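Undergrad: Coordinates in data-v4.cif, mmCIF, C-alpha atoms and all ligand atoms; chains and numbers go by the auth columns, are listed below.
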data_structure
loop_
_atom_site.group_PDB
_atom_site.id
_atom_site.type_symbol
_atom_site.label_atom_id
_atom_site.label_comp_id
_atom_site.label_asym_id
_atom_site.label_seq_id
_atom_site.Cartn_x
_atom_site.Cartn_y
_atom_site.Cartn_z
_atom_site.B_iso_or_equiv
_atom_site.auth_seq_id
_atom_site.auth_asym_id
ATOM 1 C CA MET A 1 -6.329 4.869 -3.705 0.00 1 H
ATOM 2 C CA SER A 2 -7.967 8.180 -3.035 0.00 2 H
ATOM 3 C CA ARG A 3 -6.217 11.512 -3.251 0.00 3 H
ATOM 4 C CA VAL A 4 -6.311 14.654 -1.138 0.00 4 H
ATOM 5 C CA HIS A 5 -6.107 17.995 -2.917 0.00 5 H
ATOM 6 C CA VAL A 6 -3.203 20.249 -1.888 0.00 6 H
ATOM 7 C CA GLY A 7 -3.507 23.152 -4.299 0.00 7 H
ATOM 8 C CA ASP A 8 -2.344 24.706 -7.516 0.00 8 H
ATOM 9 C CA ALA A 9 1.143 23.451 -8.465 0.00 9 H
ATOM 10 C CA ASP A 10 2.195 26.789 -9.985 0.00 10 H
ATOM 11 C CA SER A 11 1.617 28.632 -6.712 0.00 11 H
ATOM 12 C CA PHE A 12 3.266 25.887 -4.602 0.00 12 H
ATOM 13 C CA GLU A 13 6.786 27.150 -5.222 0.00 13 H
ATOM 14 C CA ASP A 14 10.118 26.061 -3.788 0.00 14 H
ATOM 15 C CA GLY A 15 9.905 26.447 -0.009 0.00 15 H
ATOM 16 C CA SER A 16 6.113 26.215 0.083 0.00 16 H
ATOM 17 C CA ARG A 17 4.421 24.194 2.809 0.00 17 H
ATOM 18 C CA ALA A 18 0.907 22.992 3.413 0.00 18 H
ATOM 19 C CA VAL A 19 -0.901 20.697 5.795 0.00 19 H
ATOM 20 C CA VAL A 20 -3.652 18.384 4.586 0.00 20 H
ATOM 21 C CA THR A 21 -5.653 15.694 6.321 0.00 21 H
ATOM 22 C CA VAL A 22 -5.151 12.194 4.983 0.00 22 H
ATOM 23 C CA ASN A 23 -7.318 9.473 6.454 0.00 23 H
ATOM 24 C CA GLY A 24 -7.712 11.474 9.666 0.00 24 H
ATOM 25 C CA HIS A 25 -4.020 12.325 10.066 0.00 25 H
ATOM 26 C CA GLU A 26 -2.238 15.631 9.431 0.00 26 H
ATOM 27 C CA VAL A 27 0.314 15.373 6.641 0.00 27 H
ATOM 28 C CA ALA A 28 2.918 18.040 5.905 0.00 28 H
ATOM 29 C CA VAL A 29 3.439 18.741 2.197 0.00 29 H
ATOM 30 C CA LEU A 30 6.697 20.461 1.288 0.00 30 H
ATOM 31 C CA ASN A 31 8.310 21.739 -1.874 0.00 31 H
ATOM 32 C CA TYR A 32 12.059 21.524 -1.507 0.00 32 H
ATOM 33 C CA ASP A 33 14.175 22.528 -4.484 0.00 33 H
ATOM 34 C CA GLY A 34 11.304 21.818 -6.852 0.00 34 H
ATOM 35 C CA GLU A 35 10.504 18.362 -5.485 0.00 35 H
ATOM 36 C CA TYR A 36 7.365 17.550 -3.546 0.00 36 H
ATOM 37 C CA PHE A 37 7.417 15.582 -0.298 0.00 37 H
ATOM 38 C CA ALA A 38 4.685 14.531 2.103 0.00 38 H
ATOM 39 C CA ILE A 39 5.305 13.174 5.588 0.00 39 H
ATOM 40 C CA LEU A 40 3.166 12.632 8.672 0.00 40 H
ATOM 41 C CA ASN A 41 3.029 15.984 10.449 0.00 41 H
ATOM 42 C CA ARG A 42 3.660 14.533 13.883 0.00 42 H
ATOM 43 C CA CYS A 43 7.175 13.918 15.180 0.00 43 H
ATOM 44 C CA ALA A 44 7.627 10.501 16.784 0.00 44 H
ATOM 45 C CA HIS A 45 9.367 12.066 19.781 0.00 45 H
ATOM 46 C CA ASP A 46 6.684 14.338 21.191 0.00 46 H
ATOM 47 C CA GLY A 47 4.354 15.297 18.374 0.00 47 H
ATOM 48 C CA GLY A 48 6.150 18.334 16.916 0.00 48 H
ATOM 49 C CA ALA A 49 4.704 19.771 13.704 0.00 49 H
ATOM 50 C CA LEU A 50 7.169 19.027 10.916 0.00 50 H
ATOM 51 C CA ASP A 51 5.585 21.593 8.581 0.00 51 H
ATOM 52 C CA GLU A 52 7.255 24.169 10.848 0.00 52 H
ATOM 53 C CA GLY A 53 10.648 22.464 10.690 0.00 53 H
ATOM 54 C CA LYS A 54 13.722 23.407 8.716 0.00 54 H
ATOM 55 C CA VAL A 55 14.236 21.499 5.454 0.00 55 H
ATOM 56 C CA HIS A 56 17.817 20.986 4.350 0.00 56 H
ATOM 57 C CA GLU A 57 20.299 18.609 2.766 0.00 57 H
ATOM 58 C CA ARG A 58 21.418 15.897 5.155 0.00 58 H
ATOM 59 C CA LEU A 59 24.843 16.103 6.737 0.00 59 H
ATOM 60 C CA VAL A 60 26.550 12.712 6.586 0.00 60 H
ATOM 61 C CA ALA A 61 29.927 11.486 7.794 0.00 61 H
ATOM 62 C CA ASP A 62 32.045 8.384 7.659 0.00 62 H
ATOM 63 C CA VAL A 63 32.439 6.842 11.096 0.00 63 H
ATOM 64 C CA THR A 64 36.038 5.746 11.531 0.00 64 H
ATOM 65 C CA GLU A 65 35.584 4.279 14.985 0.00 65 H
ATOM 66 C CA PRO A 66 33.030 4.690 17.724 0.00 66 H
ATOM 67 C CA GLY A 67 32.814 8.382 18.527 0.00 67 H
ATOM 68 C CA GLU A 68 35.108 9.397 15.657 0.00 68 H
ATOM 69 C CA ARG A 69 33.785 10.845 12.419 0.00 69 H
ATOM 70 C CA ASP A 70 35.567 11.832 9.251 0.00 70 H
ATOM 71 C CA VAL A 71 34.712 13.529 5.951 0.00 71 H
ATOM 72 C CA GLU A 72 31.511 15.282 6.888 0.00 72 H
ATOM 73 C CA ARG A 73 29.595 16.425 3.830 0.00 73 H
ATOM 74 C CA PHE A 74 26.097 17.270 2.680 0.00 74 H
ATOM 75 C CA CYS A 75 24.294 14.698 0.540 0.00 75 H
ATOM 76 C CA ASP A 76 21.437 15.268 -1.890 0.00 76 H
ATOM 77 C CA ASP A 77 18.810 13.594 0.297 0.00 77 H
ATOM 78 C CA PRO A 78 16.654 16.252 1.913 0.00 78 H
ATOM 79 C CA ALA A 79 15.654 16.041 5.537 0.00 79 H
ATOM 80 C CA VAL A 80 13.329 17.922 7.842 0.00 80 H
ATOM 81 C CA THR A 81 14.277 18.852 11.396 0.00 81 H
ATOM 82 C CA CYS A 82 11.553 18.927 14.015 0.00 82 H
ATOM 83 C CA PRO A 83 11.260 22.449 15.434 0.00 83 H
ATOM 84 C CA LEU A 84 10.783 21.270 19.015 0.00 84 H
ATOM 85 C CA HIS A 85 13.883 19.219 19.891 0.00 85 H
ATOM 86 C CA GLY A 86 15.710 18.632 16.619 0.00 86 H
ATOM 87 C CA TRP A 87 14.890 15.075 15.592 0.00 87 H
ATOM 88 C CA GLU A 88 15.626 14.783 11.907 0.00 88 H
ATOM 89 C CA TYR A 89 13.836 12.702 9.280 0.00 89 H
ATOM 90 C CA ASP A 90 14.738 11.763 5.724 0.00 90 H
ATOM 91 C CA LEU A 91 11.959 13.243 3.593 0.00 91 H
ATOM 92 C CA GLU A 92 12.023 10.414 1.020 0.00 92 H
ATOM 93 C CA THR A 93 11.739 7.548 3.477 0.00 93 H
ATOM 94 C CA GLY A 94 10.532 9.107 6.729 0.00 94 H
ATOM 95 C CA VAL A 95 13.365 7.351 8.564 0.00 95 H
ATOM 96 C CA HIS A 96 14.974 9.138 11.519 0.00 96 H
ATOM 97 C CA VAL A 97 18.529 9.944 10.444 0.00 97 H
ATOM 98 C CA GLY A 98 20.064 8.770 13.713 0.00 98 H
ATOM 99 C CA ASP A 99 17.894 5.734 14.456 0.00 99 H
ATOM 100 C CA GLU A 100 16.621 3.567 11.604 0.00 100 H
ATOM 101 C CA SER A 101 14.096 1.903 13.899 0.00 101 H
ATOM 102 C CA ILE A 102 12.073 5.143 13.920 0.00 102 H
ATOM 103 C CA ARG A 103 10.118 5.927 10.781 0.00 103 H
ATOM 104 C CA LEU A 104 7.246 8.269 9.959 0.00 104 H
ATOM 105 C CA PRO A 105 4.874 7.463 7.099 0.00 105 H
ATOM 106 C CA THR A 106 5.559 9.282 3.846 0.00 106 H
ATOM 107 C CA PHE A 107 3.142 9.761 0.968 0.00 107 H
ATOM 108 C CA ASP A 108 3.348 10.228 -2.776 0.00 108 H
ATOM 109 C CA VAL A 109 2.538 13.659 -4.168 0.00 109 H
ATOM 110 C CA VAL A 110 1.259 13.811 -7.739 0.00 110 H
ATOM 111 C CA ASP A 111 0.853 16.724 -10.114 0.00 111 H
ATOM 112 C CA ASP A 112 -2.328 16.072 -12.077 0.00 112 H
ATOM 113 C CA ASP A 113 -2.728 18.688 -14.781 0.00 113 H
ATOM 114 C CA GLY A 114 -1.391 21.477 -12.565 0.00 114 H
ATOM 115 C CA GLU A 115 -3.121 20.414 -9.361 0.00 115 H
ATOM 116 C CA LEU A 116 -1.222 18.741 -6.517 0.00 116 H
ATOM 117 C CA PHE A 117 -2.615 15.782 -4.625 0.00 117 H
ATOM 118 C CA VAL A 118 -1.354 13.601 -1.778 0.00 118 H
ATOM 119 C CA VAL A 119 -2.078 9.946 -2.439 0.00 119 H
ATOM 120 C CA ASP A 120 -3.699 8.068 0.418 0.00 120 H
ATOM 121 C CA PRO A 121 -2.538 4.460 0.026 0.00 121 H
ATOM 122 C CA THR A 122 -5.008 3.180 2.607 0.00 122 H
ATOM 123 C CA THR A 123 -8.250 4.379 1.079 0.00 123 H
ATOM 124 C CA PRO A 124 -9.774 2.980 -2.110 0.00 124 H
ATOM 125 C CA GLU A 125 -10.669 5.532 -4.774 0.00 125 H
ATOM 126 C CA SER A 126 -14.350 6.438 -4.714 0.00 126 H
HETATM 127 S S1 LIG B . 8.834 16.607 19.338 0.00 201 R
HETATM 128 FE FE1 LIG B . 10.113 16.422 17.623 0.00 201 R
HETATM 129 S S2 LIG B . 12.087 16.288 18.439 0.00 201 R
HETATM 130 FE FE2 LIG B . 10.822 16.409 20.166 0.00 201 R
#
Let's see the structure in the file written out as structure tokens.

TA:
Amino acid sequence: MSRVHVGDADSFEDGSRAVVTVNGHEVAVLNYDGEYFAILNRCAHDGGALDEGKVHERLVADVTEPGERDVERFCDDPAVTCPLHGWEYDLETGVHVGDESIRLPTFDVVDDDGELFVVDPTTPES
């Protein structure tokens, strides 16, 4: 698998964002709370740029019956909200938080001796 350089890990602090091209597709790279995430930078709804979206902990709730929710709380799984119309994606899995049939590709981010790379799983290493 080949890798795409993102930048220096020390300068890619919490809250940092970057966009790299992986196999011809824009990928948003995000540092949230010291963890690195990479997700396709194109919302499945209408192409919104997720690198411009808000990153936050997901709000979850127990559904007691259709239309009724109880015990809303934030969980540790970070999500990104599309800036255009608010679709929200789990940053670990790329799955839309309200519709599991919608999923954006996510990518591994590695820190190699202080340099960050996005791993392209589709391209053999050259
Ligand atoms: S383009 Fe992302 S929610 Fe509409």

Undergrad: With all atoms listed in the file counted and 6 Å as the cut-off, give the residues of chain H in contact with ligand LIG 201 (chain R), each with its shortest interatomic distance in Å and the pair that gives it, as a Markdown table.

TA:
| residue | atom | partner | partner_atom | distance |
| --- | --- | --- | --- | --- |
| H:Cys43 | CA | R:LIG201 | FE1 | 4.6 |
| H:His45 | CA | R:LIG201 | S1 | 4.6 |
| H:Asp46 | CA | R:LIG201 | S1 | 3.6 |
| H:Gly47 | CA | R:LIG201 | S1 | 4.8 |
| H:Gly48 | CA | R:LIG201 | S1 | 4.0 |
| H:Cys82 | CA | R:LIG201 | FE1 | 4.6 |
| H:Leu84 | CA | R:LIG201 | FE2 | 5.0 |
| H:His85 | CA | R:LIG201 | S2 | 3.7 |
| H:Gly86 | CA | R:LIG201 | S2 | 4.7 |
| H:Trp87 | CA | R:LIG201 | S2 | 4.2 |

Undergrad: List the neighbours of Glu52 in chain H out to 10 Å using all atoms listed in the file; skip same-chain residues closer than 2 positions along the sequence, and give me the result as a list in words.

TA: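 Final neighbour list, sorted by chain and number: Arg17, Ala18, Ala28, Asn41, Gly48, Ala49, Leu50, Lys54, Val55, Val80, Thr81, Cys82, Pro83 and Leu84 of chain H.
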
Undergrad: With C-alpha atoms retained, could you export that selection as a compact mmCIF listing (two decimals), in the frame of the given file?

TA:
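Below is the file that was written, result35.txt:
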# COMPACT_ATOMS: atom_id res chain seq x y z
CA ARG H 17 4.42 24.19 2.81
CA ALA H 18 0.91 22.99 3.41
CA ALA H 28 2.92 18.04 5.90
CA ASN H 41 3.03 15.98 10.45
CA GLY H 48 6.15 18.33 16.92
CA ALA H 49 4.70 19.77 13.70
CA LEU H 50 7.17 19.03 10.92
CA LYS H 54 13.72 23.41 8.72
CA VAL H 55 14.24 21.50 5.45
CA VAL H 80 13.33 17.92 7.84
CA THR H 81 14.28 18.85 11.40
CA CYS H 82 11.55 18.93 14.02
CA PRO H 83 11.26 22.45 15.43
CA LEU H 84 10.78 21.27 19.02

Undergrad: What is the distance, in Å and to one decimal place, between CA of His96 in chain H and CA of Arg73 in chain H?

TA: 18.1 Å

Undergrad: What lies within 10 Å of Val27 in chain H using all atoms listed in the file, ignoring chain neighbours under 2 positions off, as a PyMOL selection string?

TA: chain H and resi 18-25+29-30+37-42+49-51+105-107+118

Undergrad: Take the PyMOL selection byres (((chain H and resi 77) around 6) and not hetatm), apply it to the structure above, and return the hits as a ChimeraX atom specification.

TA: /H:57-58,75-76,78

Undergrad: Quick one: pull the distance between CA of Phe117 in chain H and CA of Arg103 in chain H, Å, one decimal.

TA: 22.3 Å

Undergrad: When you draw a straight line from CA of Phe74 in chain H to CA of Leu59 in chain H, how long is it in Å?

TA: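 Value for the CA of Phe74 in chain H-CA of Leu59 in chain H distance: 4.4 Å.
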
Undergrad: What would the selection look like, as a list in words, if the PyMOL selection byres (((chain H and resi 114) around 8) and not hetatm) were run on the coordinates I just shared?

TA: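 Evaluating the PyMOL selection byres (((chain H and resi 114) around 8) and not hetatm) on this file yields Asp8, Ala9, Asp10, Asp111, Asp112, Asp113, Glu115 and Leu116 of chain H.
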
Undergrad: Enumerate, as JSON, numbers by chain, the residues matched when the PyMOL selection byres (((chain H and resi 15) around 9) and not hetatm) is run on the file above.

TA: {"H": [12, 13, 14, 16, 17, 30, 31, 32, 33, 34, 55]}

Undergrad: Just need the box for range 113-121 of chain H, edges along x, y and z, holding every atom the file lists for it with 6 Å tacked onto each side, so centre and edge lengths in Å to one decimal, as JSON.

TA:
{"center_x": -2.5, "center_y": 13.0, "center_z": -7.2, "size_x": 14.5, "size_y": 29.0, "size_z": 27.2}

Undergrad: Ranking H:Thr93, H:Asp120, H:Met1, H:Asp99 by minimum distance to Ala79 in chain H and counting all atoms listed in the file, which one comes first?

TA: H:Thr93

Undergrad: Which residue, H:Val97, H:Arg3, H:Asp62, H:Glu72, has the smallest gap to Pro124 in chain H when you use all atoms listed in the file?

TA: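 Of the candidates, the smallest distance to Pro124 in chain H is held by H:Arg3.
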
Undergrad: Out of H:Thr122, H:Pro66, H:Gly53, H:Ala44, which residue has the shortest atom-to-atom distance to Gly94 in chain H when counting only C-alpha atoms?

TA: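 Nearest to Gly94 in chain H: H:Ala44.
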
Undergrad: Would you mind completing range 33-46 of chain H to N, CA, C and O atoms and writing the output as a PDB file, in the frame of the given file?

TA:
ATOM      1  N   ASP H  33      13.361  22.512  -3.270  1.00  0.00           N
ATOM      2  CA  ASP H  33      14.175  22.528  -4.484  1.00  0.00           C
ATOM      3  C   ASP H  33      13.411  21.952  -5.681  1.00  0.00           C
ATOM      4  O   ASP H  33      13.972  21.237  -6.507  1.00  0.00           O
ATOM      5  N   GLY H  34      12.117  22.241  -5.718  1.00  0.00           N
ATOM      6  CA  GLY H  34      11.304  21.818  -6.852  1.00  0.00           C
ATOM      7  C   GLY H  34      10.748  20.416  -6.762  1.00  0.00           C
ATOM      8  O   GLY H  34      10.026  19.968  -7.648  1.00  0.00           O
ATOM      9  N   GLU H  35      11.047  19.703  -5.687  1.00  0.00           N
ATOM     10  CA  GLU H  35      10.504  18.362  -5.485  1.00  0.00           C
ATOM     11  C   GLU H  35       9.459  18.411  -4.386  1.00  0.00           C
ATOM     12  O   GLU H  35       9.619  19.131  -3.396  1.00  0.00           O
ATOM     13  N   TYR H  36       8.430  17.597  -4.539  1.00  0.00           N
ATOM     14  CA  TYR H  36       7.365  17.550  -3.546  1.00  0.00           C
ATOM     15  C   TYR H  36       7.568  16.372  -2.604  1.00  0.00           C
ATOM     16  O   TYR H  36       7.901  15.270  -3.034  1.00  0.00           O
ATOM     17  N   PHE H  37       7.319  16.626  -1.317  1.00  0.00           N
ATOM     18  CA  PHE H  37       7.417  15.582  -0.298  1.00  0.00           C
ATOM     19  C   PHE H  37       6.197  15.689   0.606  1.00  0.00           C
ATOM     20  O   PHE H  37       5.673  16.786   0.824  1.00  0.00           O
ATOM     21  N   ALA H  38       5.790  14.550   1.138  1.00  0.00           N
ATOM     22  CA  ALA H  38       4.685  14.531   2.103  1.00  0.00           C
ATOM     23  C   ALA H  38       5.037  13.542   3.206  1.00  0.00           C
ATOM     24  O   ALA H  38       5.431  12.400   2.939  1.00  0.00           O
ATOM     25  N   ILE H  39       4.928  13.994   4.433  1.00  0.00           N
ATOM     26  CA  ILE H  39       5.305  13.174   5.588  1.00  0.00           C
ATOM     27  C   ILE H  39       4.312  13.451   6.719  1.00  0.00           C
ATOM     28  O   ILE H  39       3.781  14.574   6.818  1.00  0.00           O
ATOM     29  N   LEU H  40       4.062  12.439   7.521  1.00  0.00           N
ATOM     30  CA  LEU H  40       3.166  12.632   8.672  1.00  0.00           C
ATOM     31  C   LEU H  40       3.616  13.850   9.465  1.00  0.00           C
ATOM     32  O   LEU H  40       4.804  14.005   9.768  1.00  0.00           O
ATOM     33  N   ASN H  41       2.685  14.717   9.802  1.00  0.00           N
ATOM     34  CA  ASN H  41       3.029  15.984  10.449  1.00  0.00           C
ATOM     35  C   ASN H  41       3.030  15.851  11.968  1.00  0.00           C
ATOM     36  O   ASN H  41       2.510  16.705  12.686  1.00  0.00           O
ATOM     37  N   ARG H  42       3.635  14.776  12.436  1.00  0.00           N
ATOM     38  CA  ARG H  42       3.660  14.533  13.883  1.00  0.00           C
ATOM     39  C   ARG H  42       4.949  13.787  14.226  1.00  0.00           C
ATOM     40  O   ARG H  42       5.070  12.583  13.964  1.00  0.00           O
ATOM     41  N   CYS H  43       5.884  14.510  14.814  1.00  0.00           N
ATOM     42  CA  CYS H  43       7.175  13.918  15.180  1.00  0.00           C
ATOM     43  C   CYS H  43       6.969  12.747  16.140  1.00  0.00           C
ATOM     44  O   CYS H  43       6.148  12.821  17.052  1.00  0.00           O
ATOM     45  N   ALA H  44       7.749  11.695  15.949  1.00  0.00           N
ATOM     46  CA  ALA H  44       7.627  10.501  16.784  1.00  0.00           C
ATOM     47  C   ALA H  44       8.113  10.740  18.216  1.00  0.00           C
ATOM     48  O   ALA H  44       7.799   9.964  19.116  1.00  0.00           O
ATOM     49  N   HIS H  45       8.866  11.798  18.435  1.00  0.00           N
ATOM     50  CA  HIS H  45       9.367  12.066  19.781  1.00  0.00           C
ATOM     51  C   HIS H  45       8.274  12.584  20.694  1.00  0.00           C
ATOM     52  O   HIS H  45       7.946  11.961  21.691  1.00  0.00           O
ATOM     53  N   ASP H  46       7.698  13.743  20.314  1.00  0.00           N
ATOM     54  CA  ASP H  46       6.684  14.338  21.191  1.00  0.00           C
ATOM     55  C   ASP H  46       5.653  15.130  20.393  1.00  0.00           C
ATOM     56  O   ASP H  46       5.104  16.097  20.906  1.00  0.00           O
TER      57      ASP H  46
END
